[in-house]
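K.L.:
Contents are CSV, C-alpha atoms; file name entry-v2.csv:
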chain,number,residue,atom,x,y,z
A,1,MET,CA,103.6,78.2,71.3
A,2,ASN,CA,102.7,81.3,73.2
A,3,ILE,CA,99.9,83.2,71.6
A,4,LEU,CA,99.0,86.8,72.6
A,5,HIS,CA,95.6,88.4,72.1
A,6,THR,CA,94.0,91.7,72.9
A,7,ILE,CA,90.7,91.7,74.8
A,8,PRO,CA,88.2,93.8,72.9
A,9,VAL,CA,86.8,96.6,75.1
A,10,VAL,CA,84.5,99.3,73.9
A,11,ALA,CA,85.9,102.9,74.0
A,12,ILE,CA,89.2,101.7,75.5
A,13,ILE,CA,92.4,101.3,73.5
A,14,ALA,CA,94.5,98.4,74.7
A,15,THR,CA,98.2,98.9,75.3
A,16,GLY,CA,100.2,97.3,72.5
A,17,SER,CA,102.4,94.4,73.3
A,18,THR,CA,106.1,95.0,73.9
A,19,ALA,CA,106.9,91.3,74.0
A,20,LEU,CA,110.6,90.5,74.4
A,21,ALA,CA,112.3,87.7,72.5
A,22,GLY,CA,112.0,84.4,74.2
A,23,PRO,CA,109.4,81.9,75.3
A,24,VAL,CA,107.7,83.9,78.0
A,25,VAL,CA,104.7,86.2,77.3
A,26,ASN,CA,104.8,89.9,77.9
A,27,LEU,CA,101.3,90.6,79.1
A,28,ALA,CA,100.1,94.2,78.7
A,29,PRO,CA,96.9,95.5,80.2
A,30,SER,CA,93.8,94.2,78.3
A,31,GLN,CA,95.7,91.3,76.8
A,32,TYR,CA,95.6,87.6,77.3
A,33,THR,CA,97.4,84.5,76.1
A,34,ASP,CA,95.9,81.0,75.8
A,35,GLY,CA,99.2,79.4,74.8
A,36,LEU,CA,101.1,78.9,78.1
A,37,SER,CA,103.2,75.8,77.6
A,38,GLY,CA,105.8,75.7,80.3
A,39,ILE,CA,109.5,76.6,80.5
A,40,ASN,CA,112.7,75.6,82.3
A,41,ASN,CA,116.0,77.0,83.3
A,42,SER,CA,117.9,75.8,80.2
A,43,GLU,CA,115.4,77.5,77.9
A,44,PHE,CA,115.4,80.9,79.6
A,45,HIS,CA,118.2,81.8,82.0
A,46,GLU,CA,116.5,84.9,83.3
A,47,ILE,CA,114.2,82.8,85.4
A,48,ARG,CA,117.1,81.6,87.4
A,49,GLY,CA,117.5,83.4,90.7
A,50,THR,CA,117.5,83.4,94.5
A,51,ALA,CA,114.4,82.9,96.5
A,52,ILE,CA,114.1,85.8,98.9
A,53,SER,CA,110.6,85.0,100.4
A,54,ASP,CA,108.6,81.8,100.7
A,55,LYS,CA,105.2,81.7,102.2
A,56,TYR,CA,102.6,78.9,102.6
A,57,LEU,CA,99.0,79.7,103.1
A,58,ASP,CA,96.7,76.9,104.1
A,59,PHE,CA,93.1,77.3,103.0
A,60,SER,CA,89.8,75.6,102.6
A,61,ILE,CA,86.8,76.4,100.4
A,62,GLU,CA,83.4,75.7,101.8
A,63,GLY,CA,80.2,74.7,100.1
A,64,GLU,CA,76.7,75.0,101.4
A,65,ALA,CA,76.9,71.8,103.4
A,66,SER,CA,80.5,70.6,103.3
A,67,THR,CA,84.1,71.5,102.6
A,68,LEU,CA,84.9,71.3,98.9
A,69,TYR,CA,88.6,71.9,98.7
A,70,GLU,CA,91.6,72.0,101.1
A,71,GLY,CA,95.1,72.8,100.1
A,72,THR,CA,98.1,75.2,100.4
A,73,LEU,CA,99.0,78.2,98.2
A,74,MET,CA,102.7,78.6,98.1
A,75,THR,CA,104.0,82.0,97.1
A,76,ARG,CA,107.7,82.5,96.3
A,77,VAL,CA,109.5,85.8,95.4
A,78,VAL,CA,112.7,85.2,93.4
A,79,ARG,CA,115.3,87.8,92.5
A,80,SER,CA,116.7,87.1,89.0
A,81,HIS,CA,120.5,86.5,88.7
A,82,ASP,CA,120.5,88.1,85.3
A,83,SER,CA,118.3,91.2,85.7
A,84,GLY,CA,118.0,91.7,89.5
A,85,ASN,CA,114.2,92.1,89.0
A,86,LEU,CA,111.6,90.0,90.8
A,87,HIS,CA,109.6,87.0,89.8
A,88,PHE,CA,106.4,86.3,91.7
A,89,ASN,CA,105.7,82.5,91.7
A,90,TYR,CA,102.6,80.7,92.9
A,91,ARG,CA,101.8,77.0,93.4
A,92,ILE,CA,98.9,75.0,94.7
A,93,MET,CA,100.1,72.1,96.7
A,94,ASP,CA,99.1,69.4,99.3
A,95,PRO,CA,95.5,69.2,98.3
A,96,ASN,CA,93.0,66.9,100.1
A,97,ALA,CA,92.4,64.2,97.5
A,98,ALA,CA,89.3,63.0,99.3
A,99,LEU,CA,87.4,66.2,98.4
A,100,ALA,CA,85.6,66.8,95.1
A,101,GLY,CA,86.4,70.5,94.4
A,102,ARG,CA,88.4,71.5,91.3
A,103,ILE,CA,90.2,74.8,90.9
A,104,SER,CA,89.3,76.6,87.7
A,105,HIS,CA,91.3,79.8,87.9
A,106,ILE,CA,93.3,82.0,90.3
A,107,GLU,CA,93.2,85.8,90.2
A,108,VAL,CA,96.3,87.7,91.6
A,109,THR,CA,96.5,91.5,92.1
A,110,GLY,CA,99.4,93.8,92.7
A,111,PHE,CA,101.0,94.2,89.2
A,112,GLY,CA,100.1,97.9,88.8
A,113,ASP,CA,101.5,99.4,85.6
A,114,PHE,CA,104.7,97.3,85.6
A,115,GLN,CA,105.9,95.4,82.6
A,116,THR,CA,104.8,91.8,83.4
A,117,ARG,CA,105.8,88.5,81.7
A,118,VAL,CA,104.1,85.2,82.5
A,119,GLU,CA,104.5,81.4,82.1
A,120,PHE,CA,104.8,78.3,84.3
A,121,ARG,CA,107.8,76.2,85.2
A,122,ASP,CA,107.9,72.6,84.2
A,123,ASP,CA,111.5,71.8,85.4
A,124,ALA,CA,112.8,69.8,88.4
A,125,THR,CA,112.3,72.8,90.7
A,126,SER,CA,108.5,72.9,90.0
A,127,ILE,CA,107.1,69.5,90.9
A,128,GLY,CA,103.5,69.2,89.9
A,129,GLU,CA,101.0,67.8,87.5
A,130,GLU,CA,99.6,70.8,85.7
A,131,GLY,CA,100.2,74.5,84.9
A,132,PRO,CA,97.7,77.1,83.7
A,133,PHE,CA,97.2,77.3,80.0
A,134,LYS,CA,95.8,80.9,79.9
A,135,ALA,CA,96.7,84.2,81.6
A,136,GLU,CA,94.5,87.3,81.2
A,137,ARG,CA,95.5,90.8,82.4
A,138,MET,CA,92.7,93.2,83.4
A,139,ILE,CA,92.3,96.7,81.8
A,140,ASP,CA,94.0,98.6,84.6
A,141,GLY,CA,96.9,96.2,84.6
A,142,ASP,CA,96.7,95.4,88.3
A,143,MET,CA,95.1,91.9,88.2
A,144,ILE,CA,96.2,88.8,86.3
A,145,ASP,CA,93.9,85.8,86.0
A,146,PHE,CA,95.5,82.3,85.5
A,147,THR,CA,93.2,79.6,84.2
A,148,PHE,CA,93.7,75.8,84.3
A,149,ASP,CA,92.5,73.9,81.2
A,150,GLY,CA,89.7,71.6,82.4
A,151,GLY,CA,90.3,72.5,86.1
A,152,LEU,CA,93.1,71.5,88.5
A,153,ASN,CA,92.2,68.1,89.9
A,154,THR,CA,91.7,68.0,93.6
A,155,ALA,CA,94.4,65.3,93.9
A,156,ASP,CA,97.0,67.3,91.9
A,157,ASP,CA,99.7,69.9,92.8
A,158,SER,CA,100.2,72.6,90.2
A,159,HIS,CA,103.5,73.7,88.7
A,160,PHE,CA,104.9,77.0,89.8
A,161,PHE,CA,103.2,79.7,87.6
A,162,PHE,CA,104.9,83.1,87.6
A,163,ALA,CA,104.8,86.7,86.7
A,164,MET,CA,108.2,88.4,86.0
A,165,VAL,CA,108.0,92.1,87.0
A,166,ASN,CA,110.4,94.9,86.0
A,167,THR,CA,111.0,96.0,89.6
A,168,ASP,CA,113.5,95.0,92.3
A,169,THR,CA,111.2,95.9,95.2
A,170,PHE,CA,108.3,94.0,96.8
A,171,TYR,CA,105.8,94.6,99.6
A,172,GLU,CA,104.7,92.0,102.1
A,173,ASP,CA,101.0,91.2,102.4
A,174,SER,CA,100.0,93.9,99.9
A,175,ALA,CA,97.8,92.1,97.4
A,176,LEU,CA,95.2,89.3,97.0
A,177,ALA,CA,95.1,85.9,95.4
A,178,THR,CA,91.6,84.7,94.9
A,179,ILE,CA,91.1,81.0,94.2
A,180,TYR,CA,87.9,79.9,92.4
A,181,LEU,CA,86.4,76.4,92.1
A,182,GLU,CA,84.6,75.3,88.9
A,183,SER,CA,81.4,75.4,91.0
A,184,GLY,CA,81.9,79.1,91.7
A,185,GLU,CA,83.0,79.1,95.3
A,186,SER,CA,86.2,81.1,96.1
A,187,ILE,CA,88.5,82.3,98.8
A,188,SER,CA,90.9,85.3,98.9
A,189,LEU,CA,94.3,85.1,100.5
A,190,VAL,CA,96.8,87.9,101.2
A,191,VAL,CA,100.1,87.7,99.2
A,192,ASP,CA,103.2,89.7,98.6
A,193,SER,CA,103.3,91.9,95.5
A,194,ALA,CA,105.2,94.6,93.6
A,195,THR,CA,102.8,97.4,94.8
A,196,PRO,CA,102.1,98.8,98.2
A,197,VAL,CA,98.9,98.1,100.1
A,198,PRO,CA,96.1,99.9,98.1
A,199,ALA,CA,94.2,101.3,101.1
A,200,PRO,CA,94.9,101.5,104.8
A,201,GLY,CA,93.5,98.4,106.5
A,202,SER,CA,91.8,97.0,103.4
A,203,LEU,CA,93.6,93.7,103.5
A,204,ALA,CA,93.5,93.5,107.3
A,205,LEU,CA,89.7,93.2,107.0
A,206,LEU,CA,90.0,89.8,105.3
A,207,SER,CA,92.5,88.7,108.0
A,208,GLY,CA,90.1,89.8,110.7
A,209,ALA,CA,87.3,87.9,109.1
A,210,GLY,CA,89.3,84.7,109.6
A,211,LEU,CA,89.7,83.9,105.9
A,212,LEU,CA,93.5,83.8,106.0
A,213,ALA,CA,96.1,81.4,107.4
A,214,SER,CA,99.8,81.9,106.8
A,215,ARG,CA,102.9,80.1,107.7
A,216,ARG,CA,106.4,80.7,106.6
A,217,ARG,CA,109.2,78.2,106.0
A,218,ARG,CA,112.8,79.1,105.7
Show how you would write the structure in this file as structure tokens.
P.N.:
Amino acid sequence: MNILHTIPVVAIIATGSTALAGPVVNLAPSQYTDGLSGINNSEFHEIRGTAISDKYLDFSIEGEASTLYEGTLMTRVVRSHDSGNLHFNYRIMDPNAALAGRISHIEVTGFGDFQTRVEFRDDATSIGEEGPFKAERMIDGDMIDFTFDGGLNTADDSHFFFAMVNTDTFYEDSALATIYLESGESISLVVDSATPVPAPGSLALLSGAGLLASRRRR
């Protein structure tokens, strides 16, 4: 069962939930859910759609003396057949099972003030071993943090986890996905989002620093 909570913040009034009927969670700014349980096409037809962008970003996370994690972040933008709006899907795949790192959570920016609904897919289109159990949206609404219960094993792919946004427009390379290990190390990758690039050249700085690797499959 999806359970929605409000994050207590001093001197700030959290936006009330406008949750729609159905098994996905409408996540307003300053709210979180720790009841993500998975969904498939037959349960909620609105998640059916056409993929309009697939990107694969290879990454590695380094420790002080060695590489801790290697894998690929897949990002898929889907246009819903029902609503015409966009779903931003994320998946960790092809990890190096010989390494010891475990992913604890992934922060994704670019949601602005859009209505945003979250879950993960556990159907045949989303091969993987685990989806996040918790999603938390920051006070300004722009960032959502997806957390894996007990960490994502270095040998496991994740299911697609997604954010359904009430817009039909997306911007390439306009936001960040930051992947954190349980031991605290992290890496930030540039991803597509529903909002324009926040500041001229701000994301290019990361690319210039050599932190990003992207390849596209069609």
K.L.:
Mind checking which residues fall within 8 Å of Ile103 (chain A), counting only C-alpha atoms, ignoring those fewer than 2 positions away in the same chain, and posting them as a PyMOL selection string?
P.N.:
chain A and resi 101+105-106+148+151-154+179-182
K.L.:
Restricted to C-alpha atoms, what would the selected residues look like written as a PDB file, in the frame of the given file?
P.N.:
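File produced: result-v2.pdb:
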ATOM      1  CA  GLY A 101      86.400  70.500  94.400  1.00  0.00           C
ATOM      2  CA  HIS A 105      91.300  79.800  87.900  1.00  0.00           C
ATOM      3  CA  ILE A 106      93.300  82.000  90.300  1.00  0.00           C
ATOM      4  CA  PHE A 148      93.700  75.800  84.300  1.00  0.00           C
ATOM      5  CA  GLY A 151      90.300  72.500  86.100  1.00  0.00           C
ATOM      6  CA  LEU A 152      93.100  71.500  88.500  1.00  0.00           C
ATOM      7  CA  ASN A 153      92.200  68.100  89.900  1.00  0.00           C
ATOM      8  CA  THR A 154      91.700  68.000  93.600  1.00  0.00           C
ATOM      9  CA  ILE A 179      91.100  81.000  94.200  1.00  0.00           C
ATOM     10  CA  TYR A 180      87.900  79.900  92.400  1.00  0.00           C
ATOM     11  CA  LEU A 181      86.400  76.400  92.100  1.00  0.00           C
ATOM     12  CA  GLU A 182      84.600  75.300  88.900  1.00  0.00           C
TER      13      GLU A 182
END
K.L.:
Ile139 (chain A): which residues within 8 Å, counting all atoms listed in the file, same-chain residues fewer than 2 positions away excluded, as a PyMOL selection string?
P.N.:
chain A and resi 14+29-30+137+141-142
K.L.:
How many Å separate CA of Val78 (chain A) from CA of Ser174 (chain A)?
P.N.:
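One can read the CA of Val78 (chain A) to CA of Ser174 (chain A) distance as 16.7 Å.
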K.L.:
So which one's closest to Pro95 (chain A), A:Pro23, A:Gly49, A:Gly71, A:Pro132? Using all atoms listed in the file, please.
P.N.:
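Going through A:Pro23, A:Gly49, A:Gly71, A:Pro132 one by one, the smallest distance to Pro95 (chain A) is for A:Gly71.
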K.L.:
Please provide the set of residues having any atom within 8 Å of Gln115 (chain A), restricted to all atoms listed in the file, with same-chain residues fewer than 4 positions apart removed, written as a list of chain:residue names.
P.N.:
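Here the qualifying residues turn out to be A:Asn26, A:Leu27, A:Ala28, A:Val165, A:Asn166.
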K.L.:
Using all atoms listed in the file, find the one residue out of A:Phe162, A:Phe114, A:Tyr171, A:Phe133 that sits nearest to Gly35 (chain A).
P.N.:
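Of A:Phe162, A:Phe114, A:Tyr171, A:Phe133, the one nearest Gly35 (chain A), counting all atoms listed in the file, is A:Phe133.
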K.L.:
Could you jot down the CA of Asn40 (chain A) to CA of Leu86 (chain A) separation for me, Å, one decimal place?
P.N.:
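Computing the Euclidean distance for CA of Asn40 (chain A) and CA of Leu86 (chain A) yields 16.8 Å.
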K.L.:
What does the distance from CA of Ala175 (chain A) to CA of Val197 (chain A) come to in Å, to one decimal?
P.N.:
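Taking CA of Ala175 (chain A) and CA of Val197 (chain A), their separation equals 6.7 Å.
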K.L.:
May I have the protein, DNA and RNA residues with an atom at most 9 Å from (102.3, 77.8, 84.7), counting all atoms listed in the file in the file's coordinates, returned as a ChimeraX atom specification?
P.N.:
/A:36-39,90-91,118-122,130-134,146,148,158-162
K.L.:
Keeping C-alpha atoms for every residue in the selection just given, could you write it to a file as a tab-separated table (two decimals), in the frame of the given file?
P.N.:
chain	number	residue	atom	x	y	z
A	36	LEU	CA	101.10	78.90	78.10
A	37	SER	CA	103.20	75.80	77.60
A	38	GLY	CA	105.80	75.70	80.30
A	39	ILE	CA	109.50	76.60	80.50
A	90	TYR	CA	102.60	80.70	92.90
A	91	ARG	CA	101.80	77.00	93.40
A	118	VAL	CA	104.10	85.20	82.50
A	119	GLU	CA	104.50	81.40	82.10
A	120	PHE	CA	104.80	78.30	84.30
A	121	ARG	CA	107.80	76.20	85.20
A	122	ASP	CA	107.90	72.60	84.20
A	130	GLU	CA	99.60	70.80	85.70
A	131	GLY	CA	100.20	74.50	84.90
A	132	PRO	CA	97.70	77.10	83.70
A	133	PHE	CA	97.20	77.30	80.00
A	134	LYS	CA	95.80	80.90	79.90
A	146	PHE	CA	95.50	82.30	85.50
A	148	PHE	CA	93.70	75.80	84.30
A	158	SER	CA	100.20	72.60	90.20
A	159	HIS	CA	103.50	73.70	88.70
A	160	PHE	CA	104.90	77.00	89.80
A	161	PHE	CA	103.20	79.70	87.60
A	162	PHE	CA	104.90	83.10	87.60
